[in-house]
$ cat protein-v6.pdb   # PDB, C-alpha atoms and all ligand atoms
MODEL        1
ATOM      1  CA  MET Y 124     245.261  65.149  46.048
ATOM      2  CA  THR Y 125     248.929  64.901  46.987
ATOM      3  CA  SER Y 126     251.251  67.713  45.908
ATOM      4  CA  GLN Y 127     253.084  65.495  43.373
ATOM      5  CA  MET Y 128     249.894  64.252  41.726
ATOM      6  CA  ARG Y 129     249.066  65.477  38.205
ATOM      7  CA  ILE Y 130     245.554  66.778  37.680
ATOM      8  CA  GLU Y 131     244.988  64.120  34.976
ATOM      9  CA  ASP Y 132     245.783  61.402  37.548
ATOM     10  CA  TYR Y 133     243.465  62.992  40.103
ATOM     11  CA  ILE Y 134     240.632  63.111  37.565
ATOM     12  CA  ASN Y 135     241.210  59.497  36.515
ATOM     13  CA  SER Y 136     241.265  58.256  40.096
ATOM     14  CA  LYS Y 137     238.039  60.117  40.970
ATOM     15  CA  LYS Y 138     236.439  58.883  37.743
ATOM     16  CA  ASN Y 139     237.010  55.333  39.019
ATOM     17  CA  VAL Y 140     235.375  56.234  42.332
ATOM     18  CA  ILE Y 141     232.317  57.532  40.456
ATOM     19  CA  GLU Y 142     232.167  54.437  38.185
ATOM     20  CA  ARG Y 143     232.077  52.140  41.241
ATOM     21  CA  THR Y 144     229.462  54.310  42.938
ATOM     22  CA  LEU Y 145     227.169  54.388  39.891
ATOM     23  CA  GLU Y 146     227.477  50.613  39.618
ATOM     24  CA  GLU Y 147     226.158  50.361  43.207
ATOM     25  CA  ILE Y 148     223.360  52.902  42.693
ATOM     26  CA  ILE Y 149     222.006  51.454  39.428
ATOM     27  CA  PRO Y 150     222.799  47.703  39.471
ATOM     28  CA  PRO Y 151     221.528  45.258  36.840
ATOM     29  CA  LYS Y 152     218.225  43.585  37.763
ATOM     30  CA  ASN Y 153     216.553  40.322  36.823
ATOM     31  CA  GLY Y 154     212.881  39.721  36.282
ATOM     32  CA  PHE Y 155     210.184  42.263  35.453
ATOM     33  CA  LEU Y 156     212.494  45.289  35.795
ATOM     34  CA  SER Y 157     215.448  43.930  33.821
ATOM     35  CA  LYS Y 158     214.599  45.962  30.685
ATOM     36  CA  ILE Y 159     214.312  49.386  32.329
ATOM     37  CA  TYR Y 160     217.513  48.811  34.319
ATOM     38  CA  ASN Y 161     219.341  47.653  31.179
ATOM     39  CA  ALA Y 162     218.157  50.778  29.365
ATOM     40  CA  MET Y 163     219.282  53.082  32.201
ATOM     41  CA  ARG Y 164     222.632  51.290  32.469
ATOM     42  CA  TYR Y 165     223.223  51.304  28.725
ATOM     43  CA  THR Y 166     223.773  55.072  28.540
ATOM     44  CA  LEU Y 167     225.033  55.427  32.123
ATOM     45  CA  PHE Y 168     227.991  53.135  31.299
ATOM     46  CA  SER Y 169     228.711  54.186  27.730
ATOM     47  CA  GLY Y 170     231.846  56.233  28.349
ATOM     48  CA  GLY Y 171     230.926  59.526  30.055
ATOM     49  CA  LYS Y 172     233.783  61.674  31.361
ATOM     50  CA  ARG Y 173     232.067  62.066  34.796
ATOM     51  CA  ILE Y 174     233.254  65.653  35.011
ATOM     52  CA  ARG Y 175     230.214  66.906  36.959
ATOM     53  CA  PRO Y 176     230.502  64.548  39.960
ATOM     54  CA  ILE Y 177     234.297  64.966  39.895
ATOM     55  CA  LEU Y 178     233.703  68.705  40.348
ATOM     56  CA  SER Y 179     231.556  68.050  43.440
ATOM     57  CA  LEU Y 180     234.308  65.857  44.909
ATOM     58  CA  ALA Y 181     237.047  68.375  44.106
ATOM     59  CA  THR Y 182     235.060  71.245  45.635
ATOM     60  CA  TYR Y 183     234.487  69.276  48.843
ATOM     61  CA  GLU Y 184     238.192  68.384  49.010
ATOM     62  CA  THR Y 185     239.288  71.972  48.301
ATOM     63  CA  ILE Y 186     237.159  73.432  51.079
ATOM     64  CA  THR Y 187     237.390  70.760  53.788
ATOM     65  CA  GLY Y 188     240.795  69.238  53.004
ATOM     66  CA  LYS Y 189     239.155  65.817  53.551
ATOM     67  CA  ASN Y 190     239.082  62.760  51.290
ATOM     68  CA  PRO Y 191     235.889  63.382  49.301
ATOM     69  CA  ASP Y 192     235.145  59.768  48.314
ATOM     70  CA  ILE Y 193     232.567  59.482  51.088
ATOM     71  CA  ILE Y 194     230.255  61.955  49.306
ATOM     72  CA  ALA Y 195     230.508  60.105  45.950
ATOM     73  CA  PRO Y 196     226.878  58.816  45.945
ATOM     74  CA  ILE Y 197     225.566  62.381  46.363
ATOM     75  CA  ALA Y 198     227.982  63.679  43.704
ATOM     76  CA  ALA Y 199     226.873  60.861  41.388
ATOM     77  CA  SER Y 200     223.263  62.126  41.487
ATOM     78  CA  VAL Y 201     224.259  64.899  39.057
ATOM     79  CA  GLU Y 202     225.634  62.294  36.632
ATOM     80  CA  LEU Y 203     222.231  60.552  36.691
ATOM     81  CA  ILE Y 204     220.576  63.840  35.688
ATOM     82  CA  HIS Y 205     223.198  64.497  33.004
ATOM     83  CA  THR Y 206     222.674  60.996  31.574
ATOM     84  CA  TYR Y 207     218.888  61.436  31.482
ATOM     85  CA  SER Y 208     219.355  64.703  29.582
ATOM     86  CA  LEU Y 209     221.517  62.985  26.951
ATOM     87  CA  ILE Y 210     218.986  60.162  26.460
ATOM     88  CA  HIS Y 211     216.098  62.612  26.034
ATOM     89  CA  ASP Y 212     218.188  64.996  23.910
ATOM     90  CA  ASP Y 213     218.764  62.210  21.347
ATOM     91  CA  LEU Y 214     215.046  61.361  20.968
ATOM     92  CA  PRO Y 215     213.351  61.995  17.602
ATOM     93  CA  ALA Y 216     211.241  64.774  19.183
ATOM     94  CA  MET Y 217     214.436  66.544  20.314
ATOM     95  CA  ASP Y 218     217.757  66.441  18.444
ATOM     96  CA  ASN Y 219     216.957  63.127  16.742
ATOM     97  CA  ASP Y 220     220.463  61.714  17.029
ATOM     98  CA  SER Y 221     220.993  58.011  16.396
ATOM     99  CA  ILE Y 222     224.567  57.969  17.713
ATOM    100  CA  ARG Y 223     225.811  58.982  21.171
ATOM    101  CA  ARG Y 224     229.455  58.522  22.239
ATOM    102  CA  GLY Y 225     230.053  56.490  19.087
ATOM    103  CA  LYS Y 226     227.287  53.966  19.871
ATOM    104  CA  PRO Y 227     223.603  53.685  18.893
ATOM    105  CA  SER Y 228     221.522  56.085  21.012
ATOM    106  CA  ASN Y 229     219.332  54.696  23.762
ATOM    107  CA  HIS Y 230     216.066  54.842  21.761
ATOM    108  CA  ILE Y 231     217.695  53.072  18.797
ATOM    109  CA  VAL Y 232     218.525  50.106  21.041
ATOM    110  CA  PHE Y 233     215.555  50.079  23.437
ATOM    111  CA  GLY Y 234     212.801  51.936  21.542
ATOM    112  CA  GLU Y 235     211.426  55.411  22.199
ATOM    113  CA  GLY Y 236     209.074  54.478  25.050
ATOM    114  CA  MET Y 237     211.790  52.684  27.013
ATOM    115  CA  ALA Y 238     214.305  55.492  26.354
ATOM    116  CA  ILE Y 239     211.870  58.081  27.733
ATOM    117  CA  LEU Y 240     211.394  55.891  30.819
ATOM    118  CA  ALA Y 241     215.148  55.312  31.202
ATOM    119  CA  GLY Y 242     215.587  59.110  31.347
ATOM    120  CA  ASP Y 243     212.684  59.463  33.779
ATOM    121  CA  GLY Y 244     214.059  56.663  35.967
ATOM    122  CA  LEU Y 245     217.517  58.256  36.187
ATOM    123  CA  LEU Y 246     216.083  61.706  36.939
ATOM    124  CA  THR Y 247     213.911  60.374  39.756
ATOM    125  CA  GLU Y 248     216.644  58.182  41.225
ATOM    126  CA  ALA Y 249     218.905  61.234  41.590
ATOM    127  CA  PHE Y 250     216.590  62.737  44.207
ATOM    128  CA  ARG Y 251     216.078  59.415  46.034
ATOM    129  CA  ILE Y 252     219.809  58.845  46.419
ATOM    130  CA  ILE Y 253     220.343  62.361  47.836
ATOM    131  CA  ALA Y 254     217.571  61.874  50.415
ATOM    132  CA  GLU Y 255     219.000  58.489  51.423
ATOM    133  CA  LYS Y 256     222.713  59.299  51.533
ATOM    134  CA  VAL Y 257     222.593  62.697  53.246
ATOM    135  CA  ILE Y 258     220.988  60.986  56.245
ATOM    136  CA  ASP Y 259     223.086  57.774  56.048
ATOM    137  CA  LEU Y 260     226.301  59.821  56.019
ATOM    138  CA  GLY Y 261     225.222  61.796  59.074
ATOM    139  CA  PHE Y 262     224.824  65.231  57.460
ATOM    140  CA  PRO Y 263     222.124  67.510  58.931
ATOM    141  CA  PRO Y 264     218.776  67.054  57.080
ATOM    142  CA  ARG Y 265     218.869  70.757  56.110
ATOM    143  CA  ILE Y 266     221.825  69.942  53.834
ATOM    144  CA  GLY Y 267     219.683  67.387  52.003
ATOM    145  CA  LEU Y 268     216.977  69.982  51.449
ATOM    146  CA  ASP Y 269     219.472  72.596  50.210
ATOM    147  CA  ILE Y 270     220.972  70.111  47.717
ATOM    148  CA  THR Y 271     217.524  69.001  46.529
ATOM    149  CA  LYS Y 272     216.487  72.614  45.977
ATOM    150  CA  ILE Y 273     219.583  73.644  44.040
ATOM    151  CA  LEU Y 274     219.511  70.498  41.884
ATOM    152  CA  ALA Y 275     215.804  70.934  41.047
ATOM    153  CA  GLU Y 276     216.444  74.586  40.184
ATOM    154  CA  LYS Y 277     219.532  74.078  38.020
ATOM    155  CA  ALA Y 278     218.203  70.978  36.223
ATOM    156  CA  GLY Y 279     214.677  72.331  35.789
ATOM    157  CA  ALA Y 280     212.937  75.052  33.779
ATOM    158  CA  GLU Y 281     215.214  77.784  35.187
ATOM    159  CA  GLY Y 282     218.260  75.742  34.178
ATOM    160  CA  MET Y 283     218.869  72.776  31.887
ATOM    161  CA  VAL Y 284     215.259  72.137  30.819
ATOM    162  CA  GLY Y 285     214.869  75.884  30.145
ATOM    163  CA  GLY Y 286     218.064  75.795  28.076
ATOM    164  CA  GLN Y 287     216.797  72.845  26.063
ATOM    165  CA  SER Y 288     213.547  74.730  25.455
ATOM    166  CA  MET Y 289     215.530  77.736  24.186
ATOM    167  CA  ASP Y 290     217.456  75.329  21.958
ATOM    168  CA  ILE Y 291     214.246  73.936  20.464
ATOM    169  CA  GLU Y 292     213.054  77.418  19.507
ATOM    170  CA  ARG Y 293     216.478  78.832  18.701
ATOM    171  CA  ASN Y 294     215.334  80.143  15.311
ATOM    172  CA  VAL Y 295     212.972  82.539  17.098
ATOM    173  CA  PHE Y 296     215.837  84.338  18.865
ATOM    174  CA  SER Y 297     218.347  86.815  17.473
ATOM    175  CA  LYS Y 298     221.656  85.103  16.799
ATOM    176  CA  THR Y 299     223.780  87.190  19.142
ATOM    177  CA  LYS Y 300     226.359  86.477  21.798
ATOM    178  CA  GLU Y 301     223.811  87.552  24.460
ATOM    179  CA  THR Y 302     221.381  84.843  23.303
ATOM    180  CA  LEU Y 303     224.188  82.322  23.156
ATOM    181  CA  ASP Y 304     225.417  83.155  26.678
ATOM    182  CA  GLU Y 305     221.899  82.737  28.053
ATOM    183  CA  LEU Y 306     221.446  79.431  26.210
ATOM    184  CA  ALA Y 307     224.863  78.065  27.234
ATOM    185  CA  TYR Y 308     224.321  79.062  30.852
ATOM    186  CA  ARG Y 309     220.972  77.306  31.151
ATOM    187  CA  LYS Y 310     221.608  74.261  28.956
ATOM    188  CA  THR Y 311     225.146  73.426  30.087
ATOM    189  CA  ALA Y 312     226.613  75.676  32.763
ATOM    190  CA  ALA Y 313     223.725  75.519  35.270
ATOM    191  CA  LEU Y 314     224.298  71.802  35.958
ATOM    192  CA  ILE Y 315     228.074  72.296  36.123
ATOM    193  CA  GLU Y 316     227.589  75.201  38.549
ATOM    194  CA  CYS Y 317     225.220  72.964  40.534
ATOM    195  CA  SER Y 318     227.867  70.231  40.830
ATOM    196  CA  VAL Y 319     230.274  72.747  42.351
ATOM    197  CA  LEU Y 320     227.592  74.159  44.670
ATOM    198  CA  ILE Y 321     226.697  70.662  45.926
ATOM    199  CA  GLY Y 322     230.342  70.249  46.967
ATOM    200  CA  GLY Y 323     230.083  73.632  48.720
ATOM    201  CA  ILE Y 324     226.840  72.765  50.541
ATOM    202  CA  LEU Y 325     228.290  69.462  51.793
ATOM    203  CA  SER Y 326     231.386  71.377  52.999
ATOM    204  CA  GLN Y 327     229.091  73.786  54.853
ATOM    205  CA  ALA Y 328     230.788  76.635  52.982
ATOM    206  CA  SER Y 329     230.044  80.243  54.000
ATOM    207  CA  GLN Y 330     227.689  82.399  51.881
ATOM    208  CA  LYS Y 331     230.706  84.320  50.551
ATOM    209  CA  GLU Y 332     232.388  81.040  49.512
ATOM    210  CA  MET Y 333     229.150  79.821  47.883
ATOM    211  CA  ASP Y 334     228.920  83.058  45.860
ATOM    212  CA  LEU Y 335     232.493  82.591  44.623
ATOM    213  CA  LEU Y 336     231.863  78.914  43.814
ATOM    214  CA  SER Y 337     228.841  80.004  41.810
ATOM    215  CA  ILE Y 338     230.950  82.424  39.748
ATOM    216  CA  TYR Y 339     233.535  79.680  39.198
ATOM    217  CA  GLY Y 340     230.892  77.124  38.136
ATOM    218  CA  ARG Y 341     229.093  79.457  35.733
ATOM    219  CA  ASN Y 342     232.294  80.560  34.047
ATOM    220  CA  ILE Y 343     233.868  77.123  33.604
ATOM    221  CA  GLY Y 344     230.419  75.893  32.529
ATOM    222  CA  ILE Y 345     230.104  78.358  29.658
ATOM    223  CA  ALA Y 346     233.757  77.754  28.731
ATOM    224  CA  PHE Y 347     232.895  74.017  28.663
ATOM    225  CA  GLN Y 348     230.138  74.674  26.102
ATOM    226  CA  ILE Y 349     232.466  76.824  23.971
ATOM    227  CA  ILE Y 350     235.078  74.046  23.909
ATOM    228  CA  ASP Y 351     232.313  71.535  23.051
ATOM    229  CA  ASP Y 352     231.259  73.816  20.152
ATOM    230  CA  ILE Y 353     234.883  74.091  18.993
ATOM    231  CA  HIS Y 354     235.133  70.282  18.951
ATOM    232  CA  ASP Y 355     232.781  70.550  15.995
ATOM    233  CA  HIS Y 356     229.790  68.278  15.548
ATOM    234  CA  PRO Y 357     229.123  68.561  11.794
ATOM    235  CA  GLU Y 358     226.001  66.363  12.027
ATOM    236  CA  GLU Y 359     224.300  68.947  14.253
ATOM    237  CA  ASN Y 360     223.978  71.701  11.619
ATOM    238  CA  ASN Y 361     223.545  74.314  14.339
ATOM    239  CA  ASP Y 362     224.152  77.974  13.509
ATOM    240  CA  LEU Y 363     223.874  79.186  17.112
ATOM    241  CA  THR Y 364     227.324  78.165  18.380
ATOM    242  CA  TYR Y 365     230.266  80.231  19.634
ATOM    243  CA  PRO Y 366     232.542  79.559  16.626
ATOM    244  CA  LYS Y 367     229.682  80.465  14.256
ATOM    245  CA  ILE Y 368     228.837  83.718  16.059
ATOM    246  CA  LEU Y 369     232.331  84.836  17.192
ATOM    247  CA  GLY Y 370     234.698  83.007  14.823
ATOM    248  CA  LEU Y 371     237.036  80.232  15.961
ATOM    249  CA  GLU Y 372     239.833  82.425  17.345
ATOM    250  CA  GLU Y 373     237.504  84.735  19.306
ATOM    251  CA  ALA Y 374     235.602  81.724  20.659
ATOM    252  CA  LYS Y 375     238.866  80.267  21.991
ATOM    253  CA  LYS Y 376     239.771  83.634  23.545
ATOM    254  CA  GLU Y 377     236.338  83.845  25.163
ATOM    255  CA  ALA Y 378     236.793  80.393  26.756
ATOM    256  CA  GLU Y 379     240.210  81.477  28.065
ATOM    257  CA  LYS Y 380     238.766  84.698  29.472
ATOM    258  CA  LEU Y 381     235.958  82.836  31.255
ATOM    259  CA  THR Y 382     238.462  80.369  32.727
ATOM    260  CA  ILE Y 383     240.590  83.223  34.076
ATOM    261  CA  THR Y 384     237.501  84.774  35.727
ATOM    262  CA  ALA Y 385     236.598  81.376  37.195
ATOM    263  CA  LYS Y 386     240.098  80.835  38.592
ATOM    264  CA  LYS Y 387     240.162  84.326  40.099
ATOM    265  CA  ALA Y 388     236.899  83.584  41.955
ATOM    266  CA  VAL Y 389     238.343  80.492  43.651
ATOM    267  CA  SER Y 390     241.783  81.975  44.341
ATOM    268  CA  ILE Y 391     240.713  82.479  48.011
ATOM    269  CA  PHE Y 392     241.182  78.701  48.402
ATOM    270  CA  GLY Y 393     244.914  78.965  47.698
ATOM    271  CA  LYS Y 394     247.304  79.266  44.802
ATOM    272  CA  ASN Y 395     246.942  76.672  42.047
ATOM    273  CA  ASN Y 396     244.210  74.851  43.994
ATOM    274  CA  LEU Y 397     242.359  71.817  42.673
ATOM    275  CA  LEU Y 398     239.449  73.812  41.207
ATOM    276  CA  SER Y 399     241.811  76.173  39.455
ATOM    277  CA  GLN Y 400     243.706  73.229  37.927
ATOM    278  CA  ILE Y 401     240.432  71.619  36.799
ATOM    279  CA  GLY Y 402     239.483  74.916  35.102
ATOM    280  CA  ASP Y 403     242.659  74.740  32.989
ATOM    281  CA  TYR Y 404     242.221  71.010  32.378
ATOM    282  CA  LEU Y 405     238.695  71.537  30.993
ATOM    283  CA  LEU Y 406     239.851  74.435  28.821
ATOM    284  CA  ASN Y 407     242.556  72.294  27.236
ATOM    285  CA  ARG Y 408     240.588  69.043  26.982
ATOM    286  CA  VAL Y 409     240.542  67.201  23.678
ATOM    287  CA  ASN Y 410     237.204  65.389  24.052
TER     288      ASN Y 410
HETATM  289  C1  LIG R   1     213.635  67.645  29.727
HETATM  290  C2  LIG R   1     212.625  66.291  27.854
HETATM  291  C3  LIG R   1     213.795  66.906  28.499
HETATM  292  C4  LIG R   1     215.011  66.788  27.934
HETATM  293  C5  LIG R   1     216.199  67.384  28.495
HETATM  294  C6  LIG R   1     218.257  69.362  28.674
HETATM  295  C7  LIG R   1     218.357  68.269  27.717
HETATM  296  C8  LIG R   1     217.211  67.379  27.447
HETATM  297  C9  LIG R   1     219.472  68.047  27.012
HETATM  298  C10 LIG R   1     220.641  68.857  27.145
HETATM  299  C11 LIG R   1     221.842  67.936  27.020
HETATM  300  C12 LIG R   1     222.942  68.543  26.268
HETATM  301  C13 LIG R   1     223.270  67.983  24.921
HETATM  302  C14 LIG R   1     223.641  69.538  26.826
HETATM  303  C15 LIG R   1     224.804  70.166  26.231
HETATM  304  C16 LIG R   1     225.887  70.063  27.243
HETATM  305  C17 LIG R   1     227.033  69.197  26.829
HETATM  306  C18 LIG R   1     228.236  69.862  26.313
HETATM  307  C19 LIG R   1     226.943  67.886  27.020
HETATM  308  C20 LIG R   1     228.059  66.937  26.872
HETATM  309  O1  LIG R   1     228.606  66.779  28.173
HETATM  310  P1  LIG R   1     229.926  65.935  28.423
HETATM  311  O2  LIG R   1     231.000  66.371  27.474
HETATM  312  O3  LIG R   1     229.428  64.484  28.014
HETATM  313  O4  LIG R   1     230.244  65.988  29.883
HETATM  314  P2  LIG R   1     229.983  63.051  28.459
HETATM  315  O5  LIG R   1     229.724  62.195  27.234
HETATM  316  O6  LIG R   1     231.437  63.131  28.809
HETATM  317  O7  LIG R   1     229.145  62.646  29.607
ENDMDL
END
$ encode --input "protein-v6.pdb" --output "structure tokens"
Amino acid sequence: MTSQMRIEDYINSKKNVIERTLEEIIPPKNGFLSKIYNAMRYTLFSGGKRIRPILSLATYETITGKNPDIIAPIAASVELIHTYSLIHDDLPAMDNDSIRRGKPSNHIVFGEGMAILAGDGLLTEAFRIIAEKVIDLGFPPRIGLDITKILAEKAGAEGMVGGQSMDIERNVFSKTKETLDELAYRKTAALIECSVLIGGILSQASQKEMDLLSIYGRNIGIAFQIIDDIHDHPEENNDLTYPKILGLEEAKKEAEKLTITAKKAVSIFGKNNLLSQIGDYLLNRVN
């Protein structure tokens, strides 16, 4: 990022890099596999903000000072996982949503069986692309293993899947901020934290830097969920959200507080660095 560049322009330019990369990773196919690829591509190219892979790129750039576009296929693996989670989240057995990003959900267009497989296909492809690209790009194999481990942990039962399980049985838990923080961390922030940590692993960051990146990722991740809650989804009828538990004003203040903590953690990388600017950008986002 050049010093004159606005953060919005940086995010837009990296979004384009991720779009091109995803197009290469999951191309359309003819013949027997055309349906499953169409189903995967339908949600993958339905207007996501690509914020998770952009965070991996920005972390790599912040730490190494290098152009991060080279690591885009590895960064994009997190977007594949995110997309799978949205497809499965919309299924009748989960949130039962027929609209996603203003369009019919995957299972409405392709049927439940194909939507389950589209999610499974994207999830599995994420790990294949990491294994392939870490070696192709000349990184030490150990880096591939570290990324695989962190992604499995943060997307799995300790992270996003665990968060979704808490969401399914949310009526069992007390409706407190503690419950909400735990839910938001696992369901949303774990994958955001993971995106940042992948950038750190590829930069061969020190343990101290990784710890600070983790604090940054967790805090912007929970703030991201609070802002998502504030954007109000009336169709969801969910009483375990930050505005419902804290009130709108307190929820906003909480997101601001978390963003300040996140920015403090990454202040070792310089004043007003890329990650710090992205923290503010996400806090003030309108969609
Ligand atoms: C394991 C069967 C199975 C399902 C997993 C974990 C899961 C289902 C779903 C969770 C997905 C979810 C709705 C998480 C909440 C996080 C959130 C705010 C998502 C929206 O992210 P954005 O704003 O979305 O980045 P875009 O549309 O920009 O990609």
$ residues_near_ligand --input "protein-v6.pdb" --ligand "ligand LIG 1 (chain R)" --cutoff "8 Å" --atoms "all atoms listed in the file" --output "PyMOL selection string"
chain Y and resi 170-175+202+205-212+217+223-224+278-279+283-288+307+310-312+347-348+351-352+410
$ resolve_selection --input "protein-v6.pdb" --expression "the PyMOL selection byres (((chain Y and resi 329-332) around 10) and not hetatm)" --output "count of residues only"
17
$ closest_residue --input "protein-v6.pdb" --among "Y:Ala385, Y:Ala280, Y:Ile353, Y:Ile194" --to "Y:Phe262" --atoms "all atoms listed in the file"
Y:Ile194
$ closest_atom_pairs --input "protein-v6.pdb" --of "stretch 267-303 of chain Y" --to "stretch 368-375 of chain Y" --cutoff "8 Å" --atoms "only C-alpha atoms" --output "Markdown table"
| residue | atom | partner | partner_atom | distance |
| --- | --- | --- | --- | --- |
| Y:Lys298 | CA | Y:Ile368 | CA | 7.4 |
| Y:Thr299 | CA | Y:Ile368 | CA | 6.9 |
| Y:Lys300 | CA | Y:Ile368 | CA | 6.8 |
$ closest_residue --input "protein-v6.pdb" --among "Y:Ile141, Y:Ala199, Y:Ala378, Y:Ile349" --to "Y:Ile321" --atoms "only C-alpha atoms"
Y:Ala199
$ resolve_selection --input "protein-v6.pdb" --expression "the PyMOL selection byres (((chain Y and resi 395-404) around 9) and not hetatm)" --output "list in words"
Met124, Ile130, Glu131, Ile134, Leu178, Ala181, Thr182, Glu184, Thr185, Tyr339, Ile343, Glu379, Thr382, Ile383, Ala385, Lys386, Lys387, Val389, Ser390, Phe392, Gly393, Lys394, Leu405, Leu406, Asn407 and Arg408 of chain Y
$ axis_aligned_box --input "protein-v6.pdb" --around "stretch 129-141 of chain Y" --padding-each-side "5 Å" --output "JSON"
{"center_x": 240.7, "center_y": 61.1, "center_z": 38.7, "size_x": 26.7, "size_y": 21.4, "size_z": 17.4}
$ atom_distance --input "protein-v6.pdb" --atom1 "atom CA of Y:Lys277" --atom2 "atom CA of Y:Asp132"
29.2 Å
$ closest_residue --input "protein-v6.pdb" --among "Y:Tyr160, Y:Leu325, Y:Glu305, Y:Phe233" --to "Y:Pro263" --atoms "all atoms listed in the file"
Y:Leu325
$ closest_residue --input "protein-v6.pdb" --among "Y:Phe168, Y:Arg309, Y:Gly236, Y:Pro264" --to "Y:Pro151" --atoms "only C-alpha atoms"
Y:Phe168
$ closest_residue --input "protein-v6.pdb" --among "Y:Asn161, Y:Thr384, Y:Ser318, Y:Thr302" --to "Y:Val232" --atoms "only C-alpha atoms"
Y:Asn161
$ closest_residue --input "protein-v6.pdb" --among "Y:Asp362, Y:Arg164, Y:Ile252, Y:Glu377" --to "Y:Lys152" --atoms "only C-alpha atoms"
Y:Arg164
$ atom_distance --input "protein-v6.pdb" --atom1 "atom CA of Y:Gly340" --atom2 "atom CA of Y:Leu303"
17.2 Å
$ decode --input "protein-v6.pdb" --residues "stretch 343-348 of chain Y" --atoms "all heavy atoms" --output "PDB file, in the first residue's frame"
ATOM      1  N   ILE Y 343     -10.904  -7.741  16.654  1.00  0.00           N
ATOM      2  CA  ILE Y 343     -11.654  -7.223  15.494  1.00  0.00           C
ATOM      3  C   ILE Y 343     -12.740  -8.216  15.093  1.00  0.00           C
ATOM      4  O   ILE Y 343     -13.777  -7.843  14.562  1.00  0.00           O
ATOM      5  CB  ILE Y 343     -10.780  -6.866  14.251  1.00  0.00           C
ATOM      6  CG1 ILE Y 343     -10.021  -8.075  13.735  1.00  0.00           C
ATOM      7  CG2 ILE Y 343      -9.876  -5.667  14.494  1.00  0.00           C
ATOM      8  CD1 ILE Y 343      -9.584  -7.914  12.266  1.00  0.00           C
ATOM      9  N   GLY Y 344     -12.497  -9.498  15.370  1.00  0.00           N
ATOM     10  CA  GLY Y 344     -13.487 -10.535  15.020  1.00  0.00           C
ATOM     11  C   GLY Y 344     -14.774 -10.392  15.827  1.00  0.00           C
ATOM     12  O   GLY Y 344     -15.877 -10.492  15.272  1.00  0.00           O
ATOM     13  N   ILE Y 345     -14.638 -10.159  17.120  1.00  0.00           N
ATOM     14  CA  ILE Y 345     -15.856  -9.988  17.937  1.00  0.00           C
ATOM     15  C   ILE Y 345     -16.523  -8.651  17.581  1.00  0.00           C
ATOM     16  O   ILE Y 345     -17.751  -8.578  17.457  1.00  0.00           O
ATOM     17  CB  ILE Y 345     -15.542 -10.119  19.448  1.00  0.00           C
ATOM     18  CG1 ILE Y 345     -15.025 -11.541  19.732  1.00  0.00           C
ATOM     19  CG2 ILE Y 345     -16.796  -9.826  20.290  1.00  0.00           C
ATOM     20  CD1 ILE Y 345     -14.614 -11.811  21.160  1.00  0.00           C
ATOM     21  N   ALA Y 346     -15.704  -7.619  17.356  1.00  0.00           N
ATOM     22  CA  ALA Y 346     -16.272  -6.332  16.918  1.00  0.00           C
ATOM     23  C   ALA Y 346     -17.049  -6.522  15.609  1.00  0.00           C
ATOM     24  O   ALA Y 346     -18.125  -5.948  15.414  1.00  0.00           O
ATOM     25  CB  ALA Y 346     -15.160  -5.288  16.737  1.00  0.00           C
ATOM     26  N   PHE Y 347     -16.524  -7.363  14.719  1.00  0.00           N
ATOM     27  CA  PHE Y 347     -17.182  -7.636  13.427  1.00  0.00           C
ATOM     28  C   PHE Y 347     -18.576  -8.227  13.656  1.00  0.00           C
ATOM     29  O   PHE Y 347     -19.556  -7.842  13.004  1.00  0.00           O
ATOM     30  CB  PHE Y 347     -16.316  -8.621  12.630  1.00  0.00           C
ATOM     31  CG  PHE Y 347     -16.740  -8.812  11.197  1.00  0.00           C
ATOM     32  CD1 PHE Y 347     -16.282  -7.962  10.205  1.00  0.00           C
ATOM     33  CD2 PHE Y 347     -17.592  -9.844  10.823  1.00  0.00           C
ATOM     34  CE1 PHE Y 347     -16.661  -8.139   8.875  1.00  0.00           C
ATOM     35  CE2 PHE Y 347     -17.981 -10.030   9.505  1.00  0.00           C
ATOM     36  CZ  PHE Y 347     -17.505  -9.173   8.530  1.00  0.00           C
ATOM     37  N   GLN Y 348     -18.683  -9.150  14.623  1.00  0.00           N
ATOM     38  CA  GLN Y 348     -19.988  -9.755  14.922  1.00  0.00           C
ATOM     39  C   GLN Y 348     -20.939  -8.712  15.526  1.00  0.00           C
ATOM     40  O   GLN Y 348     -22.131  -8.689  15.210  1.00  0.00           O
ATOM     41  CB  GLN Y 348     -19.817 -10.946  15.882  1.00  0.00           C
ATOM     42  CG  GLN Y 348     -21.129 -11.652  16.198  1.00  0.00           C
ATOM     43  CD  GLN Y 348     -21.823 -12.188  14.943  1.00  0.00           C
ATOM     44  OE1 GLN Y 348     -21.258 -12.991  14.213  1.00  0.00           O
ATOM     45  NE2 GLN Y 348     -23.039 -11.721  14.663  1.00  0.00           N
TER      46      GLN Y 348
END
